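Trainee: My structure is in work13.json, and what it holds is JSON, C-alpha atoms and all ligand atoms:
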```
[["chain", "number", "residue", "atom", "x", "y", "z"],
["L", 23, "MET", "CA", 63.58, -103.92, 16.24],
["L", 24, "LYS", "CA", 63.83, -105.66, 19.58],
["L", 25, "LYS", "CA", 67.02, -107.65, 20.04],
["L", 26, "PHE", "CA", 66.52, -110.13, 22.85],
["L", 27, "LEU", "CA", 69.71, -110.52, 24.89],
["L", 28, "ILE", "CA", 68.17, -113.43, 26.75],
["L", 29, "PRO", "CA", 66.18, -115.29, 24.06],
["L", 30, "GLU", "CA", 62.45, -114.68, 24.01],
["L", 31, "GLU", "CA", 61.72, -118.28, 23.02],
["L", 32, "GLY", "CA", 62.40, -121.31, 25.15],
["L", 33, "ASN", "CA", 62.26, -122.13, 28.85],
["L", 34, "PHE", "CA", 64.37, -121.14, 31.81],
["L", 35, "TYR", "CA", 66.19, -124.06, 33.44],
["L", 36, "LYS", "CA", 67.63, -123.60, 36.92],
["L", 37, "ALA", "CA", 71.21, -124.87, 37.08],
["L", 38, "ASN", "CA", 73.99, -125.40, 39.60],
["L", 39, "LEU", "CA", 77.18, -125.36, 37.52],
["L", 40, "HIS", "CA", 79.64, -126.22, 40.32],
["L", 41, "CYS", "CA", 79.20, -128.93, 42.96],
["L", 42, "HIS", "CA", 81.05, -131.65, 44.83],
["L", 43, "SER", "CA", 79.77, -135.13, 45.57],
["L", 44, "THR", "CA", 81.18, -138.18, 47.36],
["L", 45, "VAL", "CA", 83.31, -138.73, 44.23],
["L", 46, "SER", "CA", 85.55, -136.10, 45.84],
["L", 47, "ASP", "CA", 85.06, -134.22, 49.12],
["L", 48, "GLY", "CA", 81.31, -133.60, 49.02],
["L", 49, "LEU", "CA", 78.84, -134.91, 51.60],
["L", 50, "TRP", "CA", 76.08, -136.05, 49.23],
["L", 51, "THR", "CA", 76.29, -138.88, 46.71],
["L", 52, "PRO", "CA", 75.63, -137.95, 43.06],
["L", 53, "GLU", "CA", 72.13, -139.47, 43.46],
["L", 54, "GLU", "CA", 71.44, -137.43, 46.61],
["L", 55, "ILE", "CA", 72.53, -134.26, 44.82],
["L", 56, "LYS", "CA", 70.07, -135.01, 42.03],
["L", 57, "GLU", "CA", 67.25, -135.68, 44.48],
["L", 58, "ARG", "CA", 67.87, -132.56, 46.63],
["L", 59, "TYR", "CA", 68.34, -130.22, 43.69],
["L", 60, "MET", "CA", 65.26, -131.50, 41.85],
["L", 61, "SER", "CA", 63.20, -130.90, 44.99],
["L", 62, "GLU", "CA", 64.44, -127.28, 44.99],
["L", 63, "GLY", "CA", 63.31, -126.74, 41.39],
["L", 64, "TYR", "CA", 66.62, -127.34, 39.61],
["L", 65, "SER", "CA", 66.79, -129.07, 36.22],
["L", 66, "VAL", "CA", 70.56, -129.04, 35.66],
["L", 67, "VAL", "CA", 73.56, -129.92, 37.84],
["L", 68, "ALA", "CA", 77.14, -129.94, 36.59],
["L", 69, "TYR", "CA", 79.06, -132.52, 38.63],
["L", 70, "THR", "CA", 82.47, -130.91, 39.06],
["L", 71, "ASP", "CA", 84.38, -133.09, 41.50],
["L", 72, "HIS", "CA", 88.03, -132.28, 42.14],
["L", 73, "ASP", "CA", 90.25, -133.58, 39.32],
["L", 74, "VAL", "CA", 87.97, -136.50, 38.46],
["L", 75, "LEU", "CA", 85.92, -136.28, 35.26],
["L", 76, "ILE", "CA", 83.23, -138.93, 35.49],
["L", 77, "PRO", "CA", 79.91, -138.80, 33.63],
["L", 78, "HIS", "CA", 76.71, -139.45, 35.57],
["L", 79, "LYS", "CA", 74.53, -140.26, 32.56],
["L", 80, "GLU", "CA", 72.58, -142.80, 34.61],
["L", 81, "LEU", "CA", 71.01, -139.89, 36.52],
["L", 82, "ALA", "CA", 69.50, -138.27, 33.41],
["L", 83, "GLU", "CA", 65.74, -138.20, 33.03],
["L", 84, "ASP", "CA", 63.19, -136.02, 31.22],
["L", 85, "SER", "CA", 63.28, -133.37, 33.95],
["L", 86, "PHE", "CA", 66.91, -133.64, 35.09],
["L", 87, "LEU", "CA", 70.16, -133.16, 33.19],
["L", 88, "PRO", "CA", 73.53, -134.08, 34.75],
["L", 89, "LEU", "CA", 76.43, -132.30, 33.03],
["L", 90, "THR", "CA", 79.87, -133.93, 33.00],
["L", 91, "GLY", "CA", 82.57, -131.78, 34.55],
["L", 92, "MET", "CA", 85.40, -131.40, 37.02],
["L", 93, "GLU", "CA", 87.27, -128.73, 38.94],
["L", 94, "VAL", "CA", 91.04, -128.39, 38.67],
["L", 95, "GLU", "CA", 93.34, -126.36, 40.87],
["L", 96, "ILE", "CA", 96.76, -124.87, 40.30],
["L", 97, "ASN", "CA", 98.49, -124.08, 43.56],
["L", 98, "GLU", "CA", 101.22, -121.54, 44.21],
["L", 99, "ASP", "CA", 104.48, -123.41, 44.96],
["L", 100, "ASP", "CA", 102.47, -126.65, 44.51],
["L", 101, "SER", "CA", 101.28, -126.14, 48.06],
["L", 102, "THR", "CA", 97.75, -126.28, 49.44],
["L", 103, "ALA", "CA", 98.82, -124.24, 52.50],
["L", 104, "ARG", "CA", 96.18, -121.63, 53.19],
["L", 105, "GLU", "CA", 98.65, -118.72, 52.92],
["L", 106, "LYS", "CA", 99.42, -119.68, 49.32],
["L", 107, "LYS", "CA", 97.33, -118.61, 46.36],
["L", 108, "SER", "CA", 95.36, -121.11, 44.33],
["L", 109, "CYS", "CA", 93.53, -120.91, 41.02],
["L", 110, "HIS", "CA", 90.43, -123.10, 40.59],
["L", 111, "ILE", "CA", 88.80, -123.74, 37.23],
["L", 112, "CYS", "CA", 85.67, -125.72, 36.35],
["L", 113, "MET", "CA", 85.50, -127.53, 33.03],
["L", 114, "ILE", "CA", 82.11, -128.73, 31.77],
["L", 115, "ALA", "CA", 81.87, -131.00, 28.73],
["L", 116, "LEU", "CA", 79.84, -129.43, 25.91],
["L", 117, "ASP", "CA", 79.19, -132.77, 24.23],
["L", 118, "GLU", "CA", 77.53, -135.59, 26.11],
["L", 119, "GLY", "CA", 79.89, -138.09, 24.50],
["L", 120, "ASN", "CA", 83.01, -136.25, 25.67],
["L", 121, "VAL", "CA", 84.29, -138.08, 28.75],
["L", 122, "THR", "CA", 88.03, -137.60, 28.17],
["L", 123, "GLN", "CA", 89.64, -135.71, 31.03],
["L", 124, "PRO", "CA", 91.59, -132.68, 29.75],
["L", 125, "CYS", "CA", 94.98, -131.59, 31.13],
["L", 126, "TYR", "CA", 95.46, -135.03, 32.70],
["L", 127, "HIS", "CA", 98.50, -136.16, 34.67],
["L", 128, "ARG", "CA", 98.97, -139.88, 35.28],
["L", 129, "THR", "CA", 100.38, -139.61, 38.79],
["L", 130, "LYS", "CA", 99.81, -136.12, 40.16],
["L", 131, "TYR", "CA", 96.89, -133.94, 41.19],
["L", 132, "ILE", "CA", 94.32, -136.61, 42.07],
["L", 133, "PRO", "CA", 93.35, -135.66, 45.61],
["L", 134, "PRO", "CA", 93.50, -138.50, 48.17],
["L", 135, "TRP", "CA", 89.71, -138.59, 48.60],
["L", 136, "SER", "CA", 89.27, -139.24, 44.85],
["L", 137, "GLU", "CA", 91.87, -142.03, 44.49],
["L", 138, "GLU", "CA", 89.24, -144.79, 44.40],
["L", 139, "PHE", "CA", 87.61, -143.16, 41.36],
["L", 140, "LYS", "CA", 90.88, -142.84, 39.41],
["L", 141, "PRO", "CA", 90.32, -146.13, 37.51],
["L", 142, "LEU", "CA", 87.10, -144.67, 36.10],
["L", 143, "ILE", "CA", 88.89, -141.75, 34.44],
["L", 144, "THR", "CA", 89.27, -141.75, 30.65],
["L", 145, "PHE", "CA", 92.24, -139.83, 29.29],
["L", 146, "ASP", "CA", 94.15, -139.48, 26.02],
["L", 147, "GLU", "CA", 96.98, -142.06, 26.19],
["L", 148, "ASN", "CA", 98.89, -140.23, 23.44],
["L", 149, "LYS", "CA", 99.23, -137.02, 25.39],
["L", 150, "PRO", "CA", 102.06, -136.27, 27.77],
["L", 151, "ASP", "CA", 101.25, -135.52, 31.40],
["L", 152, "PHE", "CA", 100.09, -131.94, 31.88],
["L", 153, "GLU", "CA", 102.43, -130.30, 34.40],
["L", 154, "ARG", "CA", 100.81, -127.47, 36.32],
["L", 155, "GLU", "CA", 102.58, -124.31, 37.28],
["L", 156, "TYR", "CA", 101.03, -121.36, 39.09],
["L", 157, "THR", "CA", 101.65, -118.80, 36.35],
["L", 158, "GLY", "CA", 99.31, -116.87, 34.08],
["L", 159, "GLU", "CA", 100.91, -118.58, 31.10],
["L", 160, "CYS", "CA", 100.29, -122.11, 32.34],
["L", 161, "ILE", "CA", 96.79, -121.36, 33.66],
["L", 162, "SER", "CA", 95.84, -119.71, 30.33],
["L", 163, "ARG", "CA", 97.27, -122.71, 28.46],
["L", 164, "MET", "CA", 95.22, -125.05, 30.64],
["L", 165, "MET", "CA", 92.07, -123.03, 29.94],
["L", 166, "ALA", "CA", 92.88, -123.01, 26.20],
["L", 167, "GLU", "CA", 93.42, -126.77, 26.13],
["L", 168, "ALA", "CA", 90.14, -127.46, 27.91],
["L", 169, "LYS", "CA", 88.34, -125.02, 25.60],
["L", 170, "SER", "CA", 89.80, -126.59, 22.45],
["L", 171, "GLU", "CA", 88.80, -130.03, 23.72],
["L", 172, "GLY", "CA", 85.18, -128.97, 24.01],
["L", 173, "PHE", "CA", 84.74, -127.78, 27.57],
["L", 174, "PHE", "CA", 82.99, -124.72, 29.02],
["L", 175, "VAL", "CA", 85.64, -123.12, 31.22],
["L", 176, "THR", "CA", 84.89, -121.03, 34.30],
["L", 177, "TYR", "CA", 87.24, -119.20, 36.66],
["L", 178, "ASN", "CA", 86.15, -119.75, 40.25],
["L", 179, "HIS", "CA", 86.01, -117.91, 43.59],
["L", 180, "PRO", "CA", 88.91, -115.41, 43.38],
["L", 181, "ALA", "CA", 88.33, -114.24, 46.98],
["L", 182, "TRP", "CA", 88.65, -117.73, 48.51],
["L", 183, "SER", "CA", 91.72, -118.24, 46.29],
["L", 184, "SER", "CA", 93.41, -115.07, 47.64],
["L", 185, "GLU", "CA", 93.77, -113.94, 44.04],
["L", 186, "GLY", "CA", 93.74, -110.30, 42.99],
["L", 187, "TYR", "CA", 93.81, -108.30, 39.80],
["L", 188, "LYS", "CA", 97.49, -108.95, 39.10],
["L", 189, "ASP", "CA", 96.73, -112.68, 39.12],
["L", 190, "TYR", "CA", 93.48, -113.01, 37.17],
["L", 191, "SER", "CA", 94.32, -110.24, 34.68],
["L", 192, "GLY", "CA", 96.82, -112.77, 33.30],
["L", 193, "TYR", "CA", 94.25, -115.54, 32.85],
["L", 194, "ASN", "CA", 92.96, -115.86, 29.31],
["L", 195, "ASN", "CA", 90.69, -118.30, 27.47],
["L", 196, "MET", "CA", 87.91, -118.70, 30.06],
["L", 197, "HIS", "CA", 84.27, -118.56, 28.99],
["L", 198, "ALA", "CA", 82.98, -117.23, 32.30],
["L", 199, "MET", "CA", 83.83, -116.31, 35.88],
["L", 200, "GLU", "CA", 81.90, -116.91, 39.10],
["L", 201, "ILE", "CA", 80.26, -113.66, 40.11],
["L", 202, "THR", "CA", 78.70, -115.59, 43.01],
["L", 203, "ASN", "CA", 80.16, -118.63, 44.73],
["L", 204, "TYR", "CA", 77.65, -119.41, 47.45],
["L", 205, "SER", "CA", 79.72, -121.88, 49.48],
["L", 206, "CYS", "CA", 82.57, -119.37, 49.76],
["L", 207, "LEU", "CA", 80.14, -116.55, 50.61],
["L", 208, "PHE", "CA", 78.43, -118.76, 53.19],
["L", 209, "SER", "CA", 81.80, -119.60, 54.78],
["L", 210, "GLY", "CA", 82.72, -115.91, 55.11],
["L", 211, "TYR", "CA", 84.82, -115.25, 51.99],
["L", 212, "ASN", "CA", 83.73, -112.26, 49.93],
["L", 213, "ASP", "CA", 83.00, -114.20, 46.76],
["L", 214, "TYR", "CA", 80.38, -111.89, 45.35],
["L", 215, "ASN", "CA", 82.72, -110.77, 42.60],
["L", 216, "GLU", "CA", 81.17, -107.79, 40.81],
["L", 217, "LYS", "CA", 84.35, -105.72, 40.99],
["L", 218, "GLU", "CA", 86.45, -108.58, 39.68],
["L", 219, "TYR", "CA", 84.02, -109.11, 36.77],
["L", 220, "ASP", "CA", 84.19, -105.41, 35.84],
["L", 221, "GLU", "CA", 87.99, -105.41, 36.04],
["L", 222, "MET", "CA", 88.18, -108.35, 33.67],
["L", 223, "LEU", "CA", 85.65, -106.79, 31.28],
["L", 224, "ARG", "CA", 87.51, -103.48, 31.29],
["L", 225, "ASP", "CA", 90.62, -105.42, 30.28],
["L", 226, "GLY", "CA", 88.68, -106.47, 27.17],
["L", 227, "LYS", "CA", 87.91, -110.03, 28.27],
["L", 228, "ARG", "CA", 84.62, -110.98, 26.66],
["L", 229, "ILE", "CA", 83.41, -113.34, 29.33],
["L", 230, "PHE", "CA", 80.14, -114.30, 30.95],
["L", 231, "CYS", "CA", 79.30, -114.50, 34.65],
["L", 232, "ILE", "CA", 77.68, -117.41, 36.45],
["L", 233, "ALA", "CA", 76.45, -118.04, 40.00],
["L", 234, "ALA", "CA", 76.98, -121.46, 41.55],
["L", 235, "ASP", "CA", 76.82, -123.23, 44.89],
["L", 236, "ASP", "CA", 80.18, -125.08, 44.98],
["L", 237, "ASN", "CA", 78.42, -127.10, 47.67],
["L", 238, "HIS", "CA", 80.33, -129.64, 49.75],
["L", 239, "ASN", "CA", 78.29, -129.73, 52.94],
["L", 240, "GLY", "CA", 74.71, -130.71, 52.17],
["L", 241, "ASN", "CA", 71.98, -128.23, 52.99],
["L", 242, "ALA", "CA", 74.43, -125.83, 54.66],
["L", 243, "ASP", "CA", 76.02, -124.53, 51.45],
["L", 244, "SER", "CA", 73.49, -125.52, 48.80],
["L", 245, "PHE", "CA", 70.75, -123.60, 46.93],
["L", 246, "GLY", "CA", 72.22, -120.09, 47.28],
["L", 247, "GLY", "CA", 73.78, -119.46, 43.86],
["L", 248, "PHE", "CA", 72.27, -120.58, 40.57],
["L", 249, "THR", "CA", 72.35, -119.88, 36.86],
["L", 250, "MET", "CA", 69.10, -119.57, 34.91],
["L", 251, "ILE", "CA", 69.67, -120.98, 31.42],
["L", 252, "LYS", "CA", 67.21, -120.19, 28.62],
["L", 253, "ALA", "CA", 67.03, -123.01, 26.08],
["L", 254, "GLU", "CA", 64.61, -124.71, 23.74],
["L", 255, "SER", "CA", 64.67, -127.94, 25.72],
["L", 256, "LEU", "CA", 66.54, -129.77, 28.45],
["L", 257, "SER", "CA", 68.65, -131.78, 26.01],
["L", 258, "TYR", "CA", 72.40, -131.87, 26.72],
["L", 259, "LYS", "CA", 73.12, -130.10, 23.43],
["L", 260, "ASN", "CA", 70.54, -127.35, 23.87],
["L", 261, "ILE", "CA", 71.72, -126.57, 27.39],
["L", 262, "THR", "CA", 75.42, -126.47, 26.50],
["L", 263, "ASP", "CA", 74.70, -124.45, 23.32],
["L", 264, "ALA", "CA", 72.95, -121.92, 25.56],
["L", 265, "LEU", "CA", 76.02, -121.83, 27.83],
["L", 266, "ILE", "CA", 78.33, -121.10, 24.90],
["L", 267, "LYS", "CA", 76.00, -118.40, 23.57],
["L", 268, "GLY", "CA", 75.57, -116.74, 26.98],
["L", 269, "HIS", "CA", 71.83, -117.35, 27.09],
["L", 270, "PHE", "CA", 71.66, -117.18, 30.88],
["L", 271, "TYR", "CA", 71.93, -114.97, 33.93],
["L", 272, "ALA", "CA", 73.41, -115.52, 37.39],
["L", 273, "SER", "CA", 71.45, -115.21, 40.62],
["L", 274, "GLN", "CA", 71.41, -115.54, 44.39],
["L", 275, "GLY", "CA", 67.62, -115.31, 44.39],
["L", 276, "PRO", "CA", 66.01, -112.57, 42.24],
["L", 277, "LEU", "CA", 64.47, -113.70, 38.96],
["L", 278, "ILE", "CA", 64.80, -111.88, 35.64],
["L", 279, "GLU", "CA", 62.00, -112.36, 33.14],
["L", 280, "SER", "CA", 63.32, -110.63, 30.03],
["L", 281, "LEU", "CA", 66.16, -108.49, 28.73],
["L", 282, "TRP", "CA", 66.30, -106.76, 25.38],
["L", 283, "PHE", "CA", 67.83, -103.89, 23.40],
["L", 284, "GLU", "CA", 65.75, -101.57, 21.21],
["L", 285, "ASP", "CA", 66.20, -98.03, 19.84],
["L", 286, "GLY", "CA", 69.37, -97.38, 21.84],
["L", 287, "LYS", "CA", 67.90, -98.59, 25.12],
["L", 288, "ILE", "CA", 68.41, -101.73, 27.14],
["L", 289, "THR", "CA", 65.33, -102.88, 29.08],
["L", 290, "ILE", "CA", 64.98, -105.44, 31.84],
["L", 291, "CYS", "CA", 61.87, -106.94, 33.46],
["L", 292, "THR", "CA", 62.14, -108.68, 36.81],
["L", 293, "LYS", "CA", 59.71, -110.90, 38.67],
["L", 294, "GLU", "CA", 59.60, -108.73, 41.82],
["L", 295, "PRO", "CA", 60.14, -104.98, 42.27],
["L", 296, "SER", "CA", 63.88, -104.55, 42.84],
["L", 297, "ASP", "CA", 66.79, -102.13, 42.84],
["L", 298, "ILE", "CA", 68.13, -102.19, 39.26],
["L", 299, "VAL", "CA", 71.59, -100.90, 38.34],
["L", 300, "PHE", "CA", 73.08, -100.58, 34.84],
["L", 301, "THR", "CA", 76.89, -100.69, 34.75],
["L", 302, "THR", "CA", 78.83, -99.55, 31.68],
["L", 303, "GLY", "CA", 82.57, -100.05, 32.27],
["L", 304, "ARG", "CA", 83.06, -96.31, 32.81],
["L", 305, "ARG", "CA", 81.85, -93.65, 35.28],
["L", 306, "SER", "CA", 78.32, -93.68, 33.97],
["L", 307, "VAL", "CA", 75.64, -95.77, 35.63],
["L", 308, "GLY", "CA", 71.87, -95.92, 35.79],
["L", 309, "ARG", "CA", 69.83, -96.81, 38.87],
["L", 310, "ILE", "CA", 66.12, -97.38, 39.26],
["L", 311, "ARG", "CA", 64.75, -98.31, 42.66],
["L", 312, "ASN", "CA", 61.83, -100.53, 43.57],
["L", 313, "SER", "CA", 60.66, -101.35, 40.07],
["L", 314, "ASN", "CA", 60.15, -104.52, 38.07],
["L", 315, "LYS", "CA", 60.93, -102.82, 34.76],
["L", 316, "ALA", "CA", 63.78, -100.47, 33.93],
["L", 317, "SER", "CA", 65.36, -99.03, 30.78],
["L", 318, "PHE", "CA", 68.74, -97.44, 30.22],
["L", 319, "SER", "CA", 69.91, -95.37, 27.24],
["L", 320, "VAL", "CA", 73.24, -96.66, 26.03],
["L", 321, "CYS", "CA", 75.85, -94.01, 25.06],
["L", 322, "PRO", "CA", 78.41, -94.55, 22.29],
["L", 323, "GLU", "CA", 81.15, -94.07, 24.92],
["L", 324, "ASP", "CA", 79.91, -96.94, 27.06],
["L", 325, "ILE", "CA", 82.17, -99.98, 26.90],
["L", 326, "TYR", "CA", 79.53, -102.55, 27.78],
["L", 327, "VAL", "CA", 76.28, -102.77, 29.66],
["L", 328, "ARG", "CA", 75.40, -105.27, 32.34],
["L", 329, "VAL", "CA", 72.55, -105.20, 34.81],
["L", 330, "THR", "CA", 72.44, -105.97, 38.53],
["L", 331, "VAL", "CA", 69.12, -106.65, 40.24],
["L", 332, "THR", "CA", 69.00, -106.52, 44.05],
["L", 333, "ASP", "CA", 65.98, -107.66, 46.03],
["L", 334, "LYS", "CA", 64.76, -106.53, 49.45],
["L", 335, "GLU", "CA", 66.94, -109.12, 51.19],
["L", 336, "GLY", "CA", 70.04, -107.77, 49.44],
["L", 337, "LYS", "CA", 70.38, -110.78, 47.14],
["L", 338, "HIS", "CA", 71.67, -110.11, 43.63],
["L", 339, "ALA", "CA", 70.97, -111.30, 40.12],
["L", 340, "ASN", "CA", 73.49, -110.41, 37.43],
["L", 341, "THR", "CA", 73.16, -110.39, 33.68],
["L", 342, "ASN", "CA", 76.09, -111.05, 31.43],
["L", 343, "ALA", "CA", 77.90, -108.03, 30.03],
["L", 344, "TYR", "CA", 77.03, -106.97, 26.48],
["L", 345, "PHE", "CA", 79.71, -105.00, 24.62],
["L", 346, "LEU", "CA", 78.44, -102.17, 22.43],
["L", 347, "ASP", "CA", 79.24, -103.89, 19.14],
["L", 348, "GLU", "CA", 77.07, -106.81, 20.25],
["L", 349, "LEU", "CA", 74.13, -104.46, 20.91],
["L", 350, "ILE", "CA", 74.15, -102.12, 17.95],
["U", 401, "ZN", "ZN", 87.31, -124.42, 44.15],
["U", 402, "ZN", "ZN", 84.58, -126.40, 44.05]]
```
Using structure tokens, write down the structure from this file.
Mentor:
Amino acid sequence: MKKFLIPEEGNFYKANLHCHSTVSDGLWTPEEIKERYMSEGYSVVAYTDHDVLIPHKELAEDSFLPLTGMEVEINEDDSTAREKKSCHICMIALDEGNVTQPCYHRTKYIPPWSEEFKPLITFDENKPDFEREYTGECISRMMAEAKSEGFFVTYNHPAWSSEGYKDYSGYNNMHAMEITNYSCLFSGYNDYNEKEYDEMLRDGKRIFCIAADDNHNGNADSFGGFTMIKAESLSYKNITDALIKGHFYASQGPLIESLWFEDGKITICTKEPSDIVFTTGRRSVGRIRNSNKASFSVCPEDIYVRVTVTDKEGKHANTNAYFLDELI
């Protein structure tokens, strides 16, 4: 029996799950972001301004869904100096009614450009200030707190952050990591993070991968990384349910039409003929060139299977990883 890894039913919705507006250091207002993204075929934008969780419900309409989110950073030695490491995490509210900022601190961490929006933040008055420390323990605790308070948690742009395996191997409790961060790639940082994703998967982290713009600068760093979410409708609940279930793939351009598992084989169909690679977490891969359909026989020794699609321009689409016990 066919097991659809991306659901057969529903519609694909194009999403940017990481962006910055004039609420923090972005060039476009929240309204401009909506307008520009809708004109590029997007249905979903998660507004993830730096350390300011503000809903933009007023922008919602039948064909556009604004998700409430923010991006937090934990800096080595509490310094933003470029030679120091930094861990950035996006938190996206799973429930439309959830506007309470997690891991809040009453006096610290609001960047200067967001000060004017501070009065709009809602936080839990009964909770003590969350003190950040650049350690795996604190970062994992921050991810766990956001997760338990109903947020979808992603680990962002390890290359820009100067973070390596010994850093992110200690980060637990994320839902997903950014396999593509377009703004960082565009600026010259190597934030196409296939290797990092595999390293985390091989450590046993059952996490998804997303692609996002992280745009700050208008057209310059927008529309290059997106996540295609398959859901029944564009309601807030259906879209965030699909995020939690991993009903999506990440892309810089190529489109995936279907992905399923049947009789020991995983099969993918793409919109255009592409280079298709199956990765398994061990030294066993499959590669089919210039095709819009490819199958791969899964071995019992494989740890997981994920698929990378590369088009003629060298742009990638990446499926989530599926561990063997999820397939069979
Ligand atoms: Zn960031
Ligand atoms: Zn960002």
Trainee: Find the residues near ligand ZN 401 (chain U). Use a cut-off of 10 Å, count all atoms listed in the file, and write them as a list in words.
Mentor: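 Residues satisfying the distance criterion: His40, Cys41, His42, Thr70, Asp71, His72, Glu93, Val94, Glu95, Ser108, Cys109, His110, Ile111, Cys112, Tyr177, Asn178, His179, Pro180, Trp182, Ser183, Asn203, Ser205, Cys206, Asp236 and Asn237 of chain L.
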Trainee: I'd like the contact shell of Lys107 (chain L) - 12 Å cut-off, all atoms listed in the file, skipping same-chain residues fewer than 3 positions apart - returned as a VMD selection string.
Mentor: chain L and resid 95 to 104 110 155 to 157 179 to 186 189 to 190
Trainee: Using all atoms listed in the file, find the one residue out of L:Leu265, L:Ala68, L:Val331, L:Ile325 that sits nearest to ligand ZN 402 (chain U).
Mentor: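 The shortest atom-to-atom distance to ligand ZN 402 (chain U) comes from L:Ala68.
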Trainee: Out of L:Ala343, L:Cys321, L:Leu39, L:Cys231, which residue has the shortest atom-to-atom distance to ligand ZN 402 (chain U) when counting all atoms listed in the file?
Mentor: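 Closest to ligand ZN 402 (chain U) of all the choices is L:Leu39.
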Trainee: Counting only C-alpha atoms and all ligand atoms, which residue out of L:Asp243, L:Asp285, L:Glu323, L:Glu105 sits closest to ligand ZN 402 (chain U)?
Mentor: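 Ranked by minimum distance to ligand ZN 402 (chain U), first place goes to L:Asp243.
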Trainee: Here is a test: counting all atoms listed in the file, which residue of L:Phe145, L:Phe174, L:Tyr204, L:Phe152 is nearest to ligand ZN 402 (chain U)?
Mentor: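 Among L:Phe145, L:Phe174, L:Tyr204, L:Phe152, it is L:Tyr204 that comes nearest to ligand ZN 402 (chain U).
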Trainee: For ligand ZN 402 (chain U), which of L:Tyr64, L:Tyr69, L:Phe26, L:Phe245 is the closest residue, counting all atoms listed in the file?
Mentor: L:Tyr69
Trainee: Rank L:Ile251, L:Ala339, L:Leu116, L:Met92 by their smallest atom-to-atom distance to ligand ZN 402 (chain U), using all atoms listed in the file, and report the top residue only.
Mentor: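 Closest residue, counting all atoms listed in the file: L:Met92.
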Trainee: CA of Ile278 (chain L) and CA of Ala234 (chain L) are how many Å apart?
Mentor: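 According to the coordinates, CA of Ile278 (chain L) and CA of Ala234 (chain L) are separated by 16.6 Å.
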Trainee: CA of Gly32 (chain L) and CA of Phe86 (chain L) are how many Å apart?
Mentor: 16.5 Å
Trainee: Work out how far CA of Val299 (chain L) is from CA of Lys252 (chain L), in Å to one decimal.
Mentor: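 Those two atoms sit 22.0 Å apart.
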Trainee: Need the neighbours of (63.5, -136.0, 34.6): which residues are at most 10 Å away, counting all atoms listed in the file, as a list of chain:residue names?
Mentor: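 These residues have at least one counted atom within 10 Å: L:Lys56, L:Met60, L:Ser65, L:Val66, L:Leu81, L:Ala82, L:Glu83, L:Asp84, L:Ser85, L:Phe86, L:Leu87, L:Leu256.
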